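Structure file structure_12.cif (mmCIF, C-alpha atoms and all ligand atoms) is printed below.
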data_start
#
loop_
_atom_site.label_atom_id
_atom_site.label_comp_id
_atom_site.auth_asym_id
_atom_site.auth_seq_id
_atom_site.Cartn_x
_atom_site.Cartn_y
_atom_site.Cartn_z
CA MET V 1 0.00 0.00 0.00
CA SER V 2 1.62 3.23 -1.10
CA LEU V 3 1.28 6.59 -2.74
CA ASN V 4 3.38 6.96 -5.89
CA ILE V 5 4.00 9.91 -8.14
CA SER V 6 6.09 9.38 -11.25
CA SER V 7 6.99 11.50 -14.29
CA LEU V 8 4.73 14.27 -13.01
CA SER V 9 4.53 17.31 -15.24
CA ILE V 10 2.35 20.35 -14.65
CA SER V 11 2.16 23.18 -17.14
CA ALA V 12 0.54 26.55 -17.65
CA GLY V 13 0.24 26.83 -21.42
CA GLU V 14 3.75 26.36 -22.84
CA VAL V 15 5.45 26.83 -19.48
CA LYS V 16 6.31 23.76 -17.44
CA LEU V 17 5.94 24.50 -13.74
CA VAL V 18 6.74 20.94 -12.73
CA VAL V 19 8.89 19.11 -15.27
CA ASP V 20 9.62 15.75 -13.71
CA GLY V 21 8.29 15.10 -10.23
CA GLU V 22 8.81 11.85 -8.33
CA LEU V 23 7.58 10.99 -4.87
CA SER V 24 6.50 7.95 -2.92
CA CYS V 25 5.18 7.25 0.54
CA GLU V 26 4.12 4.03 2.21
CA ARG V 27 1.26 3.70 4.68
CA GLY V 28 2.56 4.82 8.09
CA GLU V 29 5.70 6.35 6.61
CA ARG V 30 6.86 9.94 7.14
CA VAL V 31 8.20 11.59 4.02
CA ALA V 32 9.45 15.15 3.49
CA LEU V 33 9.28 17.09 0.23
CA VAL V 34 11.80 19.89 0.54
CA GLY V 35 13.07 22.73 -1.64
CA GLU V 36 13.20 26.51 -1.90
CA SER V 37 10.23 28.70 -2.75
CA GLY V 38 8.96 28.21 -6.30
CA SER V 39 10.36 24.71 -6.78
CA GLY V 40 6.91 23.15 -7.32
CA LYS V 41 6.23 21.54 -3.94
CA SER V 42 2.67 22.82 -3.43
CA LEU V 43 1.65 22.02 -7.01
CA THR V 44 2.95 18.48 -6.53
CA GLY V 45 0.97 18.14 -3.27
CA LEU V 46 -2.22 19.56 -4.77
CA SER V 47 -2.01 17.26 -7.78
CA VAL V 48 -2.43 14.20 -5.51
CA LEU V 49 -5.96 15.43 -4.70
CA LYS V 50 -6.55 16.68 -8.24
CA LEU V 51 -6.96 20.14 -6.75
CA LEU V 52 -4.82 22.12 -9.19
CA PRO V 53 -6.10 25.47 -10.48
CA GLU V 54 -8.13 25.23 -13.69
CA ASN V 55 -5.50 26.87 -15.88
CA LEU V 56 -2.97 24.11 -15.30
CA ASN V 57 -2.48 20.94 -17.28
CA ILE V 58 -1.20 17.79 -15.64
CA GLU V 59 0.49 14.67 -17.00
CA GLY V 60 2.19 11.66 -15.48
CA LYS V 61 1.12 8.99 -13.07
CA ILE V 62 -0.26 9.28 -9.55
CA GLU V 63 -1.26 6.07 -7.84
CA VAL V 64 -2.71 5.76 -4.36
CA ASP V 65 -3.11 2.20 -3.03
CA GLY V 66 -3.63 1.01 -6.59
CA THR V 67 -6.04 3.75 -7.68
CA GLU V 68 -5.03 5.91 -10.63
CA VAL V 69 -5.84 9.34 -9.32
CA LEU V 70 -5.73 11.28 -12.57
CA LYS V 71 -8.54 9.11 -13.96
CA LEU V 72 -10.91 9.82 -11.06
CA GLU V 73 -13.94 12.02 -11.71
CA GLY V 74 -17.19 13.08 -10.05
CA GLU V 75 -18.44 11.11 -7.06
CA GLU V 76 -15.42 8.79 -7.04
CA LEU V 77 -13.06 11.75 -6.90
CA ARG V 78 -15.14 13.45 -4.19
CA ARG V 79 -14.90 10.38 -2.00
CA PHE V 80 -11.23 9.82 -2.74
CA ARG V 81 -10.43 13.31 -1.47
CA TRP V 82 -10.32 13.42 2.32
CA GLU V 83 -11.29 9.74 2.65
CA LYS V 84 -8.11 8.37 1.04
CA VAL V 85 -5.86 11.42 0.99
CA ALA V 86 -6.36 14.58 3.03
CA MET V 87 -4.46 17.83 2.89
CA VAL V 88 -3.49 20.54 5.33
CA PHE V 89 -3.06 23.60 3.13
CA GLN V 90 -0.14 26.00 3.10
CA ASP V 91 -2.18 28.87 4.56
CA PRO V 92 -4.42 27.62 7.40
CA SER V 93 -6.51 30.81 7.50
CA SER V 94 -7.48 30.49 3.85
CA SER V 95 -8.85 26.97 4.37
CA LEU V 96 -11.06 28.03 7.30
CA ASN V 97 -14.29 29.96 6.82
CA PRO V 98 -14.18 33.12 8.99
CA LEU V 99 -18.00 33.17 9.34
CA MET V 100 -18.42 29.72 10.86
CA THR V 101 -17.21 28.33 14.17
CA VAL V 102 -14.40 25.86 13.77
CA GLY V 103 -16.61 23.11 15.25
CA GLU V 104 -19.32 23.74 12.64
CA GLN V 105 -16.74 23.50 9.88
CA VAL V 106 -15.43 20.14 11.00
CA ALA V 107 -19.05 18.93 11.48
CA GLU V 108 -19.86 20.05 7.95
CA ALA V 109 -16.92 18.09 6.57
CA LEU V 110 -18.14 14.99 8.42
CA ILE V 111 -21.69 15.33 7.06
CA TYR V 112 -20.42 15.94 3.55
CA HIS V 113 -18.59 12.64 3.78
CA GLY V 114 -21.58 10.68 4.98
CA PHE V 115 -21.73 10.96 8.78
CA LYS V 116 -25.11 9.52 9.74
CA GLY V 117 -25.43 9.91 13.54
CA SER V 118 -27.58 12.24 15.67
CA LYS V 119 -26.71 15.85 16.45
CA GLU V 120 -25.21 14.80 19.78
CA GLU V 121 -23.14 12.07 18.17
CA LEU V 122 -21.88 14.54 15.59
CA LYS V 123 -20.79 16.94 18.31
CA GLU V 124 -19.09 14.11 20.17
CA LYS V 125 -17.21 13.14 17.04
CA VAL V 126 -16.02 16.73 16.49
CA VAL V 127 -14.80 16.96 20.08
CA GLU V 128 -13.03 13.62 19.65
CA LEU V 129 -11.24 14.92 16.53
CA PHE V 130 -10.24 18.11 18.34
CA LYS V 131 -8.85 16.03 21.17
CA MET V 132 -6.96 13.88 18.70
CA ALA V 133 -5.38 17.07 17.34
CA GLN V 134 -4.53 17.90 20.98
CA ILE V 135 -6.61 21.06 21.10
CA PRO V 136 -6.91 22.00 24.79
CA GLU V 137 -10.44 22.56 26.15
CA ALA V 138 -11.87 20.93 23.04
CA GLU V 139 -15.52 21.17 24.25
CA LYS V 140 -15.17 24.94 24.52
CA ARG V 141 -12.98 25.51 21.47
CA ILE V 142 -15.48 23.99 19.02
CA ASN V 143 -17.54 27.18 19.47
CA ALA V 144 -14.68 29.54 18.58
CA TYR V 145 -14.38 31.40 15.29
CA PRO V 146 -11.05 31.09 13.43
CA HIS V 147 -9.98 34.65 14.31
CA HIS V 148 -10.24 33.79 18.01
CA LEU V 149 -7.53 31.18 17.67
CA SER V 150 -3.75 31.47 17.55
CA GLY V 151 -1.86 30.28 14.47
CA GLY V 152 -0.91 27.06 16.23
CA LEU V 153 -4.52 26.29 17.20
CA LYS V 154 -5.80 27.09 13.70
CA GLN V 155 -3.26 24.65 12.34
CA ARG V 156 -4.53 22.01 14.80
CA VAL V 157 -8.11 22.63 13.63
CA ALA V 158 -6.94 22.13 10.03
CA ILE V 159 -5.32 18.87 11.14
CA ALA V 160 -8.53 17.79 12.97
CA MET V 161 -10.50 18.49 9.80
CA ALA V 162 -8.03 16.51 7.69
CA LEU V 163 -8.40 13.54 10.06
CA ALA V 164 -12.23 13.61 9.93
CA CYS V 165 -12.50 10.81 7.37
CA SER V 166 -9.53 8.74 8.64
CA PRO V 167 -7.45 9.16 5.49
CA ASN V 168 -4.72 6.69 4.56
CA TYR V 169 -2.41 9.56 3.62
CA LEU V 170 -1.99 13.12 4.78
CA ILE V 171 -0.24 15.86 2.83
CA ALA V 172 0.74 18.75 5.08
CA ASP V 173 1.97 21.81 3.18
CA GLU V 174 4.31 23.93 5.35
CA PRO V 175 2.17 23.24 8.44
CA THR V 176 4.60 24.92 10.84
CA THR V 177 6.14 27.76 8.85
CA ALA V 178 4.20 30.62 10.45
CA LEU V 179 4.62 29.26 13.97
CA ASP V 180 7.25 29.87 16.61
CA VAL V 181 9.79 27.17 17.34
CA THR V 182 8.15 25.52 20.36
CA VAL V 183 4.71 25.39 18.72
CA GLN V 184 6.37 24.09 15.57
CA LYS V 185 7.99 21.26 17.54
CA ARG V 186 4.66 20.27 19.10
CA ILE V 187 2.83 20.19 15.76
CA LEU V 188 5.57 18.01 14.27
CA GLU V 189 5.33 15.68 17.29
CA LEU V 190 1.56 15.51 16.83
CA LEU V 191 1.88 14.64 13.13
CA LYS V 192 4.47 11.98 13.96
CA GLU V 193 2.23 10.42 16.58
CA LEU V 194 -0.85 10.45 14.34
CA SER V 195 1.08 8.97 11.46
CA LYS V 196 2.17 6.08 13.66
CA LYS V 197 -1.10 5.49 15.53
CA ARG V 198 -3.29 5.61 12.44
CA LYS V 199 -0.81 4.01 10.03
CA MET V 200 -1.19 7.13 7.95
CA GLY V 201 1.43 7.93 5.32
CA THR V 202 2.41 11.57 5.86
CA VAL V 203 4.03 13.84 3.29
CA LEU V 204 5.34 17.00 4.88
CA ILE V 205 6.13 19.87 2.53
CA THR V 206 8.75 22.30 3.82
CA HIS V 207 11.66 24.53 2.81
CA ASP V 208 13.40 23.97 6.14
CA MET V 209 16.05 21.24 6.43
CA ALA V 210 15.84 21.40 10.24
CA VAL V 211 12.14 20.40 10.00
CA VAL V 212 13.09 17.57 7.63
CA GLU V 213 15.72 16.34 10.09
CA GLU V 214 13.22 16.37 12.93
CA PHE V 215 10.29 14.78 11.12
CA ALA V 216 11.08 12.59 8.13
CA GLU V 217 12.15 9.03 7.53
CA ARG V 218 12.60 9.56 3.80
CA VAL V 219 13.30 12.72 1.84
CA PHE V 220 12.58 14.04 -1.66
CA VAL V 221 14.40 17.20 -2.71
CA MET V 222 12.83 19.37 -5.37
CA TYR V 223 14.43 22.11 -7.43
CA SER V 224 12.90 24.16 -10.23
CA GLY V 225 10.25 21.58 -11.10
CA PHE V 226 12.47 18.51 -10.80
CA THR V 227 12.91 15.94 -8.06
CA VAL V 228 16.70 16.18 -7.85
CA GLU V 229 17.42 13.75 -5.03
CA SER V 230 15.72 11.17 -2.85
CA GLY V 231 16.80 8.80 -0.13
CA SER V 232 16.46 7.93 3.54
CA LYS V 233 16.91 10.79 5.96
CA GLU V 234 20.05 9.23 7.43
CA GLU V 235 21.70 8.87 4.02
CA ILE V 236 20.68 12.33 2.85
CA PHE V 237 22.14 14.02 5.92
CA ARG V 238 25.19 11.77 6.18
CA LYS V 239 26.12 12.26 2.55
CA PRO V 240 23.96 14.43 0.30
CA LEU V 241 24.57 13.39 -3.31
CA HIS V 242 23.32 16.53 -5.03
CA PRO V 243 25.19 19.83 -4.56
CA TYR V 244 21.79 21.49 -4.07
CA THR V 245 20.93 19.22 -1.14
CA GLU V 246 24.38 19.87 0.27
CA GLY V 247 23.74 23.62 0.01
CA LEU V 248 20.34 23.35 1.71
CA ILE V 249 21.87 21.51 4.66
CA ALA V 250 24.87 23.85 4.90
CA SER V 251 22.67 26.94 4.95
CA SER V 252 20.40 25.72 7.78
CA PRO V 253 21.51 27.52 10.97
CA LYS V 254 19.65 25.11 13.24
CA LEU V 255 21.50 22.14 11.80
CA THR V 256 24.98 23.57 11.62
CA GLY V 257 24.78 25.57 14.84
CA ILE V 258 26.34 28.53 13.04
CA ALA V 259 24.74 31.98 13.12
CA LYS V 260 22.72 32.63 9.98
CA ARG V 261 24.80 35.47 8.55
CA ARG V 262 27.95 33.37 8.58
CA LEU V 263 26.42 30.49 6.66
CA PRO V 264 27.36 29.76 3.08
CA ALA V 265 23.94 30.43 1.54
CA ILE V 266 23.35 29.13 -1.96
CA PRO V 267 23.96 32.18 -4.17
CA GLY V 268 21.23 33.33 -6.57
CA ASN V 269 17.58 32.29 -6.83
CA VAL V 270 15.37 29.51 -8.14
CA PRO V 271 14.76 30.40 -11.82
CA GLU V 272 11.29 31.39 -12.99
CA PRO V 273 9.69 28.39 -14.74
CA SER V 274 9.41 30.49 -17.92
CA ASN V 275 13.13 31.22 -17.77
CA ARG V 276 14.78 27.96 -16.82
CA PRO V 277 18.40 27.82 -18.00
CA GLU V 278 19.51 25.16 -20.46
CA GLY V 279 21.14 22.03 -19.14
CA CYS V 280 20.87 21.35 -15.43
CA PRO V 281 18.48 23.92 -13.93
CA PHE V 282 20.80 24.27 -10.91
CA HIS V 283 23.99 24.91 -12.91
CA PRO V 284 24.12 28.74 -12.59
CA ARG V 285 24.20 28.36 -8.79
CA CYS V 286 26.23 25.19 -8.54
CA PRO V 287 29.71 25.32 -6.99
CA LYS V 288 30.70 22.18 -8.94
CA VAL V 289 29.43 23.20 -12.37
CA LYS V 290 31.26 21.78 -15.41
CA GLU V 291 30.81 22.39 -19.14
CA VAL V 292 28.35 19.53 -19.72
CA CYS V 293 26.02 20.86 -16.99
CA ARG V 294 25.41 24.02 -19.02
CA ARG V 295 24.44 22.03 -22.11
CA GLU V 296 22.62 18.89 -21.02
CA LEU V 297 19.95 17.97 -18.53
CA PRO V 298 21.35 15.25 -16.26
CA PRO V 299 19.16 12.13 -16.09
CA ALA V 300 17.88 10.83 -12.76
CA VAL V 301 20.09 7.90 -11.77
CA LYS V 302 19.61 5.26 -9.12
CA ILE V 303 22.40 4.66 -6.62
CA GLU V 304 21.37 1.81 -4.34
CA ASN V 305 18.16 2.99 -2.65
CA ARG V 306 18.67 6.58 -3.66
CA THR V 307 18.13 8.66 -6.75
CA VAL V 308 19.97 11.77 -7.90
CA ARG V 309 19.77 14.02 -10.93
CA CYS V 310 23.35 15.27 -11.31
CA PHE V 311 26.29 14.48 -13.62
CA PHE V 312 28.75 14.70 -10.74
CA PRO V 313 27.07 13.50 -7.54
CA ASN V 314 29.13 13.35 -4.33
CA TYR V 315 30.20 9.74 -4.05
N1 LIG X 401 -1.96 28.71 -11.20
C1 LIG X 401 -0.72 29.00 -11.58
N2 LIG X 401 -0.48 29.56 -12.80
C2 LIG X 401 0.80 29.83 -13.20
N3 LIG X 401 1.89 29.60 -12.46
C3 LIG X 401 1.73 29.05 -11.24
C4 LIG X 401 0.43 28.72 -10.74
N4 LIG X 401 0.57 28.20 -9.50
C5 LIG X 401 1.91 28.20 -9.25
N5 LIG X 401 2.61 28.70 -10.29
C6 LIG X 401 4.10 28.80 -10.38
O1 LIG X 401 4.63 27.50 -10.32
C7 LIG X 401 5.86 27.46 -9.59
C8 LIG X 401 5.77 26.44 -8.48
O2 LIG X 401 4.81 26.86 -7.53
P1 LIG X 401 4.56 26.13 -6.13
O3 LIG X 401 3.50 26.90 -5.44
O4 LIG X 401 4.33 24.69 -6.34
O5 LIG X 401 5.98 26.35 -5.39
P2 LIG X 401 6.40 25.92 -3.91
O6 LIG X 401 7.60 25.05 -4.04
O7 LIG X 401 5.23 25.41 -3.17
O8 LIG X 401 6.88 27.33 -3.30
P3 LIG X 401 6.64 27.96 -1.82
O9 LIG X 401 7.76 27.40 -0.98
O10 LIG X 401 6.81 29.42 -2.06
O11 LIG X 401 5.29 27.59 -1.34
C9 LIG X 401 6.09 28.89 -9.11
O12 LIG X 401 6.98 29.50 -10.01
C10 LIG X 401 4.72 29.53 -9.19
O13 LIG X 401 4.82 30.91 -9.45
MG MG X 402 4.16 26.05 -1.58
#
Show the structure stored in the file as structure tokens.
Amino acid sequence: MSLNISSLSISAGEVKLVVDGELSCERGERVALVGESGSGKSLTGLSVLKLLPENLNIEGKIEVDGTEVLKLEGEELRRFRWEKVAMVFQDPSSSLNPLMTVGEQVAEALIYHGFKGSKEELKEKVVELFKMAQIPEAEKRINAYPHHLSGGLKQRVAIAMALACSPNYLIADEPTTALDVTVQKRILELLKELSKKRKMGTVLITHDMAVVEEFAERVFVMYSGFTVESGSKEEIFRKPLHPYTEGLIASSPKLTGIAKRRLPAIPGNVPEPSNRPEGCPFHPRCPKVKEVCRRELPPAVKIENRTVRCFFPNY
């Protein structure tokens, strides 16, 4: 039982936003999808629920426990979403309705997905979900409106909502980015616990290597629309194969223990998808660039249980 994305491509007209995305996650496994802003992480996450904006075209293969997601339509698709795969969106405020109490919103999600009990049973179920997301004073908090809640609590409500239909997989898009470090730690702990208890495969999207280190068992690194490296967390941190992964680790102050301004940040920016350089998309920023990297796109190669898309990986 697993979630598998292969040869994923997402385009807006002529422009490829995601060129070649790969990702996999087993039931109960914790996977991180990491990369800088604009690398295509959110689009990859949204594509698993077929929730991409209308203007985008998608190709490739997405399989969840044997179901071909891109072929799902109508009622089948509606039930697949949230029941098989649920998502916690990048901006928790945008996924909550400001005019409804958070309890009503979770209740609505339950009804939409076929909850049949009485009013009291429904309320009980909502409280149970809030407790599962470790929301203190759950009985009281169900009556709060989103703007009454702190960022950390809103994120917990979004998690409670995602758990409503007991999904097999959860995709959490930057669930801790807006939160301070202690709250961030607690949310990651909660996601870890839930993933284990409910045998739920969890894909955490982040730009922060320290979050990856704390949370994941396996890691996929994305750059400019490509999955450029994947492997177990231990291997990735012990010996990153791709110079980009190496740069991400080296520029994380929490990992290196060095103050931020003294860190060797990766120079330059992720290219705009409409303006990707020829050859390897990372070559203009790469400290190990050679002539061939400017001309040709390196293929993704397998090295034992890892993959890397680089002509000169570190091994
Ligand atoms: N609907 C759209 N139409 C056109 N371009 C889009 C659309 N949505 C996203 N993009 C572009 O696709 C690229 C990838 O976007 P995506 O949101 O997946 O990045 P990301 O890795 O999640 O970044 P961040 O860390 O900032 O959230 C970006 O260059 C973005 O501007
Ligand atoms: Mg994003």
Closest atom pairs, chain V residues within 10 Å of ligand LIG 401 (chain X), only C-alpha atoms and all ligand atoms, as a tab-separated table:
residue	atom	partner	partner_atom	distance
V:Ile10	CA	X:LIG401	O1	8.7
V:Ser11	CA	X:LIG401	C2	7.8
V:Ala12	CA	X:LIG401	C2	5.5
V:Gly13	CA	X:LIG401	C2	8.8
V:Val15	CA	X:LIG401	N3	8.3
V:Lys16	CA	X:LIG401	O1	8.2
V:Leu17	CA	X:LIG401	O1	4.7
V:Val18	CA	X:LIG401	C8	7.0
V:Leu33	CA	X:LIG401	O6	9.2
V:Val34	CA	X:LIG401	O6	8.1
V:Gly35	CA	X:LIG401	O6	6.4
V:Glu36	CA	X:LIG401	O9	5.6
V:Ser37	CA	X:LIG401	O9	3.3
V:Gly38	CA	X:LIG401	O5	3.6
V:Ser39	CA	X:LIG401	O6	3.9
V:Gly40	CA	X:LIG401	O4	3.2
V:Lys41	CA	X:LIG401	O6	3.8
V:Ser42	CA	X:LIG401	O7	3.7
V:Leu43	CA	X:LIG401	O4	3.8
V:Thr44	CA	X:LIG401	O4	6.4
V:Gly45	CA	X:LIG401	O4	8.0
V:Leu46	CA	X:LIG401	O4	8.5
V:Ser47	CA	X:LIG401	O4	9.9
V:Leu52	CA	X:LIG401	N1	7.5
V:Pro53	CA	X:LIG401	N1	5.3
V:Glu54	CA	X:LIG401	N1	7.5
V:Asn55	CA	X:LIG401	N1	6.1
V:Leu56	CA	X:LIG401	N1	6.2
V:Asn57	CA	X:LIG401	N1	9.9
V:Gln90	CA	X:LIG401	O11	7.2
V:Asp91	CA	X:LIG401	O11	9.6
V:Asp173	CA	X:LIG401	O7	8.0
V:Glu174	CA	X:LIG401	O11	7.7
V:Thr177	CA	X:LIG401	O9	10.0
V:Ile205	CA	X:LIG401	O7	8.0
V:Thr206	CA	X:LIG401	O9	7.1
V:His207	CA	X:LIG401	O9	6.1
V:Asp208	CA	X:LIG401	O9	9.7
V:Met222	CA	X:LIG401	O6	7.8
V:Tyr223	CA	X:LIG401	O6	8.2
V:Ser224	CA	X:LIG401	C8	7.7
V:Gly225	CA	X:LIG401	C8	7.1
V:Val270	CA	X:LIG401	O12	8.6
V:Pro271	CA	X:LIG401	O12	8.0
V:Glu272	CA	X:LIG401	O12	5.6
V:Pro273	CA	X:LIG401	O12	5.6
V:Ser274	CA	X:LIG401	O12	8.3
Q. Using all atoms listed in the file, which of V:Phe215, V:Phe89, V:Phe226, V:Phe130 sits nearest ligand MG 402 (chain X)?
A.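 Of V:Phe215, V:Phe89, V:Phe226, V:Phe130, the one nearest ligand MG 402 (chain X), counting all atoms listed in the file, is V:Phe89.
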Q: Report the distance between CA of Ser24 (chain V) and atom MG of ligand MG 402 (chain X) in Å, rounded to one decimal place.
A: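 The value is 18.3 Å.
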Q | Selected residue of minimal separation from Val64 (chain V) among V:Pro98, V:Pro92, V:Gly201, V:Gly103, counting only C-alpha atoms | A |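 Going through V:Pro98, V:Pro92, V:Gly201, V:Gly103 one by one, the smallest distance to Val64 (chain V) is for V:Gly201.
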Q | Computed interatomic separation between CA of His147 (chain V) and CA of Tyr169 (chain V) (Å) | A |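 Computing the Euclidean distance for CA of His147 (chain V) and CA of Tyr169 (chain V) yields 28.3 Å.
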**Q.** Non-local contacts of Met200 (chain V) (8 Å; only C-alpha atoms; under 5 positions in same chain excluded) as a PyMOL selection string
**A.** chain V and resi 27-29+167-170+194-195
Determine the axis-aligned bounding box of all atoms of region 86-100 of chain V present in the file, pad each side by 5 Å, and express its centre and edge lengths in Å to one decimal place as JSON.
{"center_x": -9.3, "center_y": 23.9, "center_z": 6.9, "size_x": 28.3, "size_y": 28.6, "size_z": 18.0}
**Q.** Two-atom distance - CA of Arg81 (chain V), CA of Lys140 (chain V) (Å)
**A.**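 Going from CA of Arg81 (chain V) over to CA of Lys140 (chain V), I get 28.9 Å.
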**Q.** Contacts of Ala216 (chain V) at 6 Å (all atoms listed in the file; same-chain gap of 4+ positions) as a VMD selection string
**A.** chain V and resid 30 to 32 212
Any chance you can output those residues with C-alpha atoms as an mmCIF file, keeping the file's coordinate frame?
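Okay, again-v5.cif is ready:
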data_model
loop_
_atom_site.group_PDB
_atom_site.id
_atom_site.type_symbol
_atom_site.label_atom_id
_atom_site.label_comp_id
_atom_site.auth_asym_id
_atom_site.auth_seq_id
_atom_site.Cartn_x
_atom_site.Cartn_y
_atom_site.Cartn_z
ATOM 1 C CA ARG V 30 6.860 9.940 7.140
ATOM 2 C CA VAL V 31 8.200 11.590 4.020
ATOM 3 C CA ALA V 32 9.450 15.150 3.490
ATOM 4 C CA VAL V 212 13.090 17.570 7.630
#
(Q) Between V:Pro313, V:Gln184, V:His242, V:His113, which residue has the minimum interatomic distance to Glu75 (chain V), considering all atoms listed in the file? (A)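 For Glu75 (chain V), the nearest of the candidates is V:His113.
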Q) Which is closest to ligand MG 402 (chain X) among V:Ala210, V:Ala172, V:Ile266, V:Ala138, if we use all atoms listed in the file? A)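 For ligand MG 402 (chain X), the nearest of the candidates is V:Ala172.
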Q: Could you check which of V:Thr245, V:Ile171, V:Glu63, V:Asp180 is closest to ligand MG 402 (chain X), using all atoms listed in the file?
A: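 Going through V:Thr245, V:Ile171, V:Glu63, V:Asp180 one by one, the smallest distance to ligand MG 402 (chain X) is for V:Ile171.
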Q: Would you please work out which residue, of V:Ile159, V:Glu213, V:Ser166, V:Ile236, is nearest to Leu110 (chain V) when using all atoms listed in the file?
A: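 Once distances to Leu110 (chain V) are computed over all atoms listed in the file, the minimum belongs to V:Ser166.
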Q.
Set the distance at 10 Å and use only C-alpha atoms: which residues neighbour Pro298 (chain V) once local chain neighbours fewer than 3 positions away are removed? I'd like the list as a ChimeraX atom specification.
A. /V:228,279-281,292-293,295,301,308-312
Q. Do you know which residues are at most 12 Å from Arg186 (chain V) counting only C-alpha atoms, after dropping those on the same chain fewer than 5 positions away, and could you put them as JSON, numbers by chain?
A. {"V": [133, 134, 135, 152, 153, 155, 156, 175, 176, 179, 180, 181, 191, 192, 193, 211, 214, 215]}
Q: Identify the residues within 10 Å of coordinate (29.1, 25.6, -8.0) (same frame as the file), considering only C-alpha atoms, and give the answer as a list in words.
A: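 Nearby residues: Pro243, Tyr244, Gly247, Ile266, Pro267, Phe282, His283, Pro284, Arg285, Cys286, Pro287, Lys288, Val289 and Lys290 of chain V.
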Kindly output region 65-77 of chain V as an mmCIF file, keeping the file's coordinate frame, after building N, CA, C and O atoms.
data_model
loop_
_atom_site.group_PDB
_atom_site.id
_atom_site.type_symbol
_atom_site.label_atom_id
_atom_site.label_comp_id
_atom_site.auth_asym_id
_atom_site.auth_seq_id
_atom_site.Cartn_x
_atom_site.Cartn_y
_atom_site.Cartn_z
ATOM 1 N N ASP V 65 -2.637 3.556 -3.350
ATOM 2 C CA ASP V 65 -3.110 2.200 -3.030
ATOM 3 C C ASP V 65 -3.781 1.546 -4.244
ATOM 4 O O ASP V 65 -4.874 0.987 -4.148
ATOM 5 N N GLY V 66 -3.128 1.675 -5.379
ATOM 6 C CA GLY V 66 -3.630 1.010 -6.590
ATOM 7 C C GLY V 66 -4.605 1.816 -7.421
ATOM 8 O O GLY V 66 -4.916 1.428 -8.544
ATOM 9 N N THR V 67 -5.106 2.927 -6.908
ATOM 10 C CA THR V 67 -6.040 3.750 -7.680
ATOM 11 C C THR V 67 -5.286 4.780 -8.519
ATOM 12 O O THR V 67 -4.411 5.465 -8.005
ATOM 13 N N GLU V 68 -5.642 4.878 -9.787
ATOM 14 C CA GLU V 68 -5.030 5.910 -10.630
ATOM 15 C C GLU V 68 -5.782 7.221 -10.459
ATOM 16 O O GLU V 68 -6.881 7.414 -10.988
ATOM 17 N N VAL V 69 -5.156 8.118 -9.739
ATOM 18 C CA VAL V 69 -5.840 9.340 -9.320
ATOM 19 C C VAL V 69 -6.267 10.215 -10.493
ATOM 20 O O VAL V 69 -7.378 10.753 -10.503
ATOM 21 N N LEU V 70 -5.421 10.339 -11.500
ATOM 22 C CA LEU V 70 -5.730 11.280 -12.570
ATOM 23 C C LEU V 70 -6.942 10.847 -13.397
ATOM 24 O O LEU V 70 -7.517 11.629 -14.131
ATOM 25 N N LYS V 71 -7.351 9.580 -13.234
ATOM 26 C CA LYS V 71 -8.540 9.110 -13.960
ATOM 27 C C LYS V 71 -9.821 9.313 -13.162
ATOM 28 O O LYS V 71 -10.916 9.109 -13.692
ATOM 29 N N LEU V 72 -9.710 9.679 -11.888
ATOM 30 C CA LEU V 72 -10.910 9.820 -11.060
ATOM 31 C C LEU V 72 -11.724 11.057 -11.443
ATOM 32 O O LEU V 72 -11.161 12.107 -11.745
ATOM 33 N N GLU V 73 -13.040 10.901 -11.411
ATOM 34 C CA GLU V 73 -13.940 12.020 -11.710
ATOM 35 C C GLU V 73 -15.141 11.954 -10.772
ATOM 36 O O GLU V 73 -15.419 10.923 -10.174
ATOM 37 N N GLY V 74 -15.876 13.037 -10.709
ATOM 38 C CA GLY V 74 -17.190 13.080 -10.050
ATOM 39 C C GLY V 74 -17.214 12.515 -8.644
ATOM 40 O O GLY V 74 -16.363 12.834 -7.816
ATOM 41 N N GLU V 75 -18.214 11.648 -8.389
ATOM 42 C CA GLU V 75 -18.440 11.110 -7.060
ATOM 43 C C GLU V 75 -17.227 10.323 -6.532
ATOM 44 O O GLU V 75 -16.877 10.409 -5.363
ATOM 45 N N GLU V 76 -16.596 9.571 -7.452
ATOM 46 C CA GLU V 76 -15.420 8.790 -7.040
ATOM 47 C C GLU V 76 -14.306 9.700 -6.551
ATOM 48 O O GLU V 76 -13.653 9.415 -5.543
ATOM 49 N N LEU V 77 -14.103 10.798 -7.270
ATOM 50 C CA LEU V 77 -13.060 11.750 -6.900
ATOM 51 C C LEU V 77 -13.410 12.420 -5.573
ATOM 52 O O LEU V 77 -12.573 12.573 -4.687
#
